[in-house]
Amino acid sequence: ALGAHNAFGMLYGYDNIKMTIVQPRLDSISTDEISVAELLNWGNSIKPIAQNAWNGKGVPQAGTHCRFCRCRATCRTLADYMLQSIRDDFAPGNGLEDWEIVDVILKAKEIKSWLKGIEEYALSQALSGTTWPGLKVVEGTSRRKITDEDKAASILQLDGYEHDTVYKPRELKTITELEKLCGKKHFSELLKEFIEKPEGKPTLVSETDKRKPMRLQDVADDFDDTLLDDFIQKGDT
């Protein structure tokens, strides 16, 4: 917005500027509006901080915004922030308090993303020649696959195996694939009687999440006490 105002401010008369972010993969379009005066005041307030960052003299500030940073895998400030976000909050004692469990759950997604980023960075560096003390690169688990299914099926059938024992039954393509084939609107018109969306699995999220909370009684009704007792008696976990 500052750049647009700097480029066109002398050519057009306006009091407000609209800023729009389009995120196609999230199917999201969000718009905000700010007055020119507010924009320029913000620009002047942020200028010293931006100049320090540009000169490499800024002080790192860790937070949720760090998921966009190129240095997140090696940043000590972010590491301290992640580790201290839970460690410093814990109360003394052998058992976790309820509020501590809630705190861990709310921070788990952010911490998992941070850990995954470090693992990916360390692996890429190792593949480039870096030696990590105590670590080594090994071949991961892989699954066998048939390189030419038609030839493999022919050989099996020539050996006496029936067609139905070699091939799976025909499978319908996924809903996403069929929507691409027919178009979403036409697909919905053709198969609306045959499409259902079951309830999602219960998941713990922040109370600020936009989804409506589940009725706990509805969840409890899904469990058969007799079956649960049988599992407990058999020692299943």
# chains A, B, ... in the order shown; residues from 1 in each chain; ligands from 1
>>> select_by_dssp(residues="segment 25-233 of chain A", states="helix (DSSP H, G or I)", output="NGL selection string")
:A and (25-26 or 36-54 or 64-68 or 76-87 or 98-127 or 149-158 or 163-166 or 175-182 or 184-194 or 216-221 or 225-233)
>>> residues_around(residues="segment 103-116 of chain A", least_positions_apart="2", cutoff="8 Å", atoms="only C-alpha atoms", output="list of chain:residue names")
A:Thr64, A:Arg67, A:Arg72, A:Ala73, A:Met82, A:Ile86, A:Trp99, A:Glu100, A:Ile101, A:Ile118, A:Glu119, A:Glu120, A:Leu204, A:Val205, A:Ser206
>>> write_last_selection(atoms="N, CA, C and O atoms", output="JSON list (two decimals), in the first residue's frame")
[["chain", "number", "residue", "atom", "x", "y", "z"],
["A", 64, "THR", "N", 4.55, -16.30, 16.01],
["A", 64, "THR", "CA", 3.89, -17.13, 15.01],
["A", 64, "THR", "C", 4.27, -16.72, 13.59],
["A", 64, "THR", "O", 4.19, -17.52, 12.66],
["A", 67, "ARG", "N", 6.95, -18.61, 10.91],
["A", 67, "ARG", "CA", 6.74, -19.72, 9.97],
["A", 67, "ARG", "C", 7.05, -19.29, 8.53],
["A", 67, "ARG", "O", 7.22, -20.13, 7.66],
["A", 72, "ARG", "N", 14.33, -19.87, 9.97],
["A", 72, "ARG", "CA", 13.66, -20.43, 11.13],
["A", 72, "ARG", "C", 14.34, -21.72, 11.64],
["A", 72, "ARG", "O", 14.27, -22.02, 12.82],
["A", 73, "ALA", "N", 15.01, -22.47, 10.76],
["A", 73, "ALA", "CA", 15.61, -23.73, 11.18],
["A", 73, "ALA", "C", 16.88, -23.52, 12.01],
["A", 73, "ALA", "O", 17.27, -24.39, 12.78],
["A", 82, "MET", "N", 10.44, -21.30, 21.31],
["A", 82, "MET", "CA", 9.69, -22.56, 21.26],
["A", 82, "MET", "C", 9.86, -23.36, 22.55],
["A", 82, "MET", "O", 8.90, -23.88, 23.12],
["A", 86, "ILE", "N", 6.78, -23.49, 26.65],
["A", 86, "ILE", "CA", 6.17, -24.49, 27.54],
["A", 86, "ILE", "C", 6.96, -24.60, 28.83],
["A", 86, "ILE", "O", 6.41, -24.60, 29.92],
["A", 99, "TRP", "N", -4.61, -26.78, 33.08],
["A", 99, "TRP", "CA", -4.27, -25.63, 32.24],
["A", 99, "TRP", "C", -2.95, -25.84, 31.51],
["A", 99, "TRP", "O", -2.74, -25.31, 30.41],
["A", 100, "GLU", "N", -2.05, -26.66, 32.09],
["A", 100, "GLU", "CA", -0.78, -26.95, 31.44],
["A", 100, "GLU", "C", -0.99, -27.86, 30.23],
["A", 100, "GLU", "O", -0.34, -27.71, 29.19],
["A", 101, "ILE", "N", -1.89, -28.84, 30.37],
["A", 101, "ILE", "CA", -2.21, -29.72, 29.25],
["A", 101, "ILE", "C", -2.81, -28.93, 28.11],
["A", 101, "ILE", "O", -2.47, -29.11, 26.93],
["A", 118, "ILE", "N", 13.37, -28.09, 11.21],
["A", 118, "ILE", "CA", 14.77, -28.36, 11.58],
["A", 118, "ILE", "C", 15.23, -29.70, 11.01],
["A", 118, "ILE", "O", 16.35, -29.82, 10.50],
["A", 119, "GLU", "N", 14.37, -30.71, 11.08],
["A", 119, "GLU", "CA", 14.72, -32.03, 10.53],
["A", 119, "GLU", "C", 14.97, -31.95, 9.03],
["A", 119, "GLU", "O", 15.93, -32.53, 8.52],
["A", 120, "GLU", "N", 14.10, -31.22, 8.33],
["A", 120, "GLU", "CA", 14.26, -31.08, 6.88],
["A", 120, "GLU", "C", 15.55, -30.32, 6.54],
["A", 120, "GLU", "O", 16.26, -30.67, 5.59],
["A", 204, "LEU", "N", -9.41, -31.61, 19.33],
["A", 204, "LEU", "CA", -9.25, -30.48, 20.24],
["A", 204, "LEU", "C", -8.59, -29.31, 19.52],
["A", 204, "LEU", "O", -7.54, -29.47, 18.92],
["A", 205, "VAL", "N", -9.21, -28.14, 19.59],
["A", 205, "VAL", "CA", -8.65, -26.94, 18.98],
["A", 205, "VAL", "C", -8.84, -25.77, 19.93],
["A", 205, "VAL", "O", -9.50, -25.89, 20.97],
["A", 206, "SER", "N", -8.29, -24.63, 19.57],
["A", 206, "SER", "CA", -8.46, -23.43, 20.38],
["A", 206, "SER", "C", -9.92, -22.99, 20.36],
["A", 206, "SER", "O", -10.62, -23.17, 19.36]]
>>> closest_residue(among="A:Pro202, A:Pro133, A:Pro169, A:Gly117", to="Thr74 of chain A", atoms="only C-alpha atoms")
A:Gly117
>>> select_by_dssp(residues="segment 6-194 of chain A", states="strand (DSSP E)", output="count of residues only")
16
>>> closest_residue(among="A:Leu2, A:Cys75, A:Ile29, A:Met10", to="Asn41 of chain A", atoms="only C-alpha atoms")
A:Leu2
>>> residues_around(residues="Ile17 of chain A", least_positions_apart="2", cutoff="8 Å", atoms="only C-alpha atoms", output="list in words")
Ala1, Tyr14, Asp15, Met19, Glu33, Ile34, Ser35 and Val36 of chain A
>>> atom_distance(atom1="atom CA of Asp98 of chain A", atom2="atom CA of Tyr81 of chain A")
22.2 Å
>>> decode(residues="segment 12-29 of chain A", atoms="N, CA and C atoms", output="PDB file, in the first residue's frame")
ATOM      1  N   TYR A  12      -3.625  10.668  -8.437  1.00  0.00           N
ATOM      2  CA  TYR A  12      -5.041  10.470  -8.132  1.00  0.00           C
ATOM      3  C   TYR A  12      -5.373  11.040  -6.753  1.00  0.00           C
ATOM      4  N   GLY A  13      -6.605  11.475  -6.602  1.00  0.00           N
ATOM      5  CA  GLY A  13      -7.043  11.970  -5.305  1.00  0.00           C
ATOM      6  C   GLY A  13      -7.853  10.913  -4.577  1.00  0.00           C
ATOM      7  N   TYR A  14      -7.450  10.548  -3.381  1.00  0.00           N
ATOM      8  CA  TYR A  14      -8.175   9.536  -2.600  1.00  0.00           C
ATOM      9  C   TYR A  14      -7.848   9.723  -1.130  1.00  0.00           C
ATOM     10  N   ASP A  15      -8.752   9.285  -0.286  1.00  0.00           N
ATOM     11  CA  ASP A  15      -8.569   9.399   1.162  1.00  0.00           C
ATOM     12  C   ASP A  15      -8.248   8.055   1.821  1.00  0.00           C
ATOM     13  N   ASN A  16      -8.715   6.976   1.208  1.00  0.00           N
ATOM     14  CA  ASN A  16      -8.517   5.637   1.771  1.00  0.00           C
ATOM     15  C   ASN A  16      -7.870   4.717   0.752  1.00  0.00           C
ATOM     16  N   ILE A  17      -7.240   3.669   1.265  1.00  0.00           N
ATOM     17  CA  ILE A  17      -6.613   2.658   0.412  1.00  0.00           C
ATOM     18  C   ILE A  17      -7.116   1.288   0.859  1.00  0.00           C
ATOM     19  N   LYS A  18      -7.574   0.494  -0.109  1.00  0.00           N
ATOM     20  CA  LYS A  18      -7.996  -0.882   0.184  1.00  0.00           C
ATOM     21  C   LYS A  18      -6.859  -1.840  -0.125  1.00  0.00           C
ATOM     22  N   MET A  19      -6.630  -2.773   0.777  1.00  0.00           N
ATOM     23  CA  MET A  19      -5.590  -3.783   0.609  1.00  0.00           C
ATOM     24  C   MET A  19      -6.254  -5.159   0.581  1.00  0.00           C
ATOM     25  N   THR A  20      -5.963  -5.954  -0.437  1.00  0.00           N
ATOM     26  CA  THR A  20      -6.599  -7.261  -0.603  1.00  0.00           C
ATOM     27  C   THR A  20      -5.542  -8.351  -0.727  1.00  0.00           C
ATOM     28  N   ILE A  21      -5.740  -9.423   0.005  1.00  0.00           N
ATOM     29  CA  ILE A  21      -4.859 -10.595  -0.058  1.00  0.00           C
ATOM     30  C   ILE A  21      -5.657 -11.742  -0.666  1.00  0.00           C
ATOM     31  N   VAL A  22      -5.159 -12.326  -1.749  1.00  0.00           N
ATOM     32  CA  VAL A  22      -5.815 -13.454  -2.416  1.00  0.00           C
ATOM     33  C   VAL A  22      -4.966 -14.701  -2.192  1.00  0.00           C
ATOM     34  N   GLN A  23      -5.577 -15.723  -1.586  1.00  0.00           N
ATOM     35  CA  GLN A  23      -4.900 -17.000  -1.336  1.00  0.00           C
ATOM     36  C   GLN A  23      -5.709 -18.119  -1.997  1.00  0.00           C
ATOM     37  N   PRO A  24      -5.465 -18.390  -3.280  1.00  0.00           N
ATOM     38  CA  PRO A  24      -6.278 -19.354  -4.030  1.00  0.00           C
ATOM     39  C   PRO A  24      -6.300 -20.749  -3.409  1.00  0.00           C
ATOM     40  N   ARG A  25      -5.168 -21.208  -2.901  1.00  0.00           N
ATOM     41  CA  ARG A  25      -5.126 -22.564  -2.350  1.00  0.00           C
ATOM     42  C   ARG A  25      -5.969 -22.697  -1.095  1.00  0.00           C
ATOM     43  N   LEU A  26      -6.192 -21.591  -0.391  1.00  0.00           N
ATOM     44  CA  LEU A  26      -7.040 -21.593   0.798  1.00  0.00           C
ATOM     45  C   LEU A  26      -8.456 -21.135   0.479  1.00  0.00           C
ATOM     46  N   ASP A  27      -8.700 -20.835  -0.801  1.00  0.00           N
ATOM     47  CA  ASP A  27     -10.000 -20.312  -1.228  1.00  0.00           C
ATOM     48  C   ASP A  27     -10.377 -19.105  -0.378  1.00  0.00           C
ATOM     49  N   SER A  28      -9.395 -18.199  -0.187  1.00  0.00           N
ATOM     50  CA  SER A  28      -9.581 -17.070   0.718  1.00  0.00           C
ATOM     51  C   SER A  28      -9.251 -15.749   0.033  1.00  0.00           C
ATOM     52  N   ILE A  29     -10.158 -14.784   0.187  1.00  0.00           N
ATOM     53  CA  ILE A  29      -9.914 -13.408  -0.263  1.00  0.00           C
ATOM     54  C   ILE A  29     -10.277 -12.492   0.905  1.00  0.00           C
TER      55      ILE A  29
END
